[in-house]
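Heads up, the thing below is written out as structure tokens.
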Amino acid sequence: MANRRDIQHRVVTTFQRNLGNPILRRLSPQTLLETTGRVSGQPRVTPIGGRRTGTEFWFVSEFGERSQYVRNIQADNRVRLRLRGHWHTGTAHLVPDDDARARLKQLPWANSAVVGTVGTDLLSVRIDLD
């Protein structure tokens with residue numbers, strides 16, 4: 001039988017895939033992460049929330065290594081990031097030793113509140129921008 005975390009993961013990712021992400025991808029101010037699909041080799045675009053600090057961009061994945069975009073980063077960590085309507089290239093790094101809950105307190109509050117509430121396996125991610 002599925003445990004609570006598995007059910008929560010399925011419910012949230014189904015909502016994101018079918019409703020949330022298609023809407024958010026169309027909003028011009030939305031930050032977007034583009035990874036390369038590890039199986040298809042095709043670009044995969046995911047709306048994310050985070051904050052740029054100098055040449056770094058930090059965000060927290062709510063499902064850690066269960067997130068498809070994290071799996072794509074593990075296969076190829078070269079990414080593109082759309083910030084304020086402009087695309088940037090960079091290299092993504094998973095930072096499991098970072099305190100993801102503390103990191104959320106440094107990031108925009110609305111996204112952090114959602115990630116902190118629905119997330120089951122928080123994982124900090126840093127993108128070093130070129």
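Within each chain, counting starts at residue 1; across the structure tokens, chains are named A, B, ... in the order shown, with ligands numbered 1 upward in that order.
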
Test item, strand (DSSP E or B) assignment across region 41-126 of chain A, answer as a PyMOL selection string: chain A and resi 43-48+50-53+56-61+78-83+86-95+123-126

Nearby residues (only C-alpha atoms) at most 6 Å from Ser61 (chain A), same-chain spacing under 3 positions excluded, as a PyMOL selection string: chain A and resi 64+122-123

Could those residues be written to a file, using C-alpha atoms, as a PDB file, in the first residue's frame?
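Wrote it out as selection_1.pdb, contents follow:
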ATOM      1  CA  GLY A  64      14.251  16.120  -4.325  1.00  0.00           C
ATOM      2  CA  LEU A 122      13.314  19.025   0.040  1.00  0.00           C
ATOM      3  CA  LEU A 123      16.588  19.476  -1.860  1.00  0.00           C
TER       4      LEU A 123
END

Nearest to Leu32 (chain A), chosen from A:Gln106, A:Phe59, A:Val114, A:Thr91, with only C-alpha atoms counted in the distances: A:Phe59

Selected residue of minimal separation from Asp130 (chain A) among A:Gly116, A:Pro96, A:Gly54, A:Pro108, counting only C-alpha atoms: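 With only C-alpha atoms as the atom set, the closest residue is A:Gly54.
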
Proximity to Gln30 (chain A) - best of A:Gly119, A:Pro43, A:Gly49, A:Gly90, only C-alpha atoms: A:Gly49

For His86 (chain A): contacts at 12 Å, only C-alpha atoms, fewer than 6 positions along chain excluded, given as number ranges by chain: A: 28-33, 80
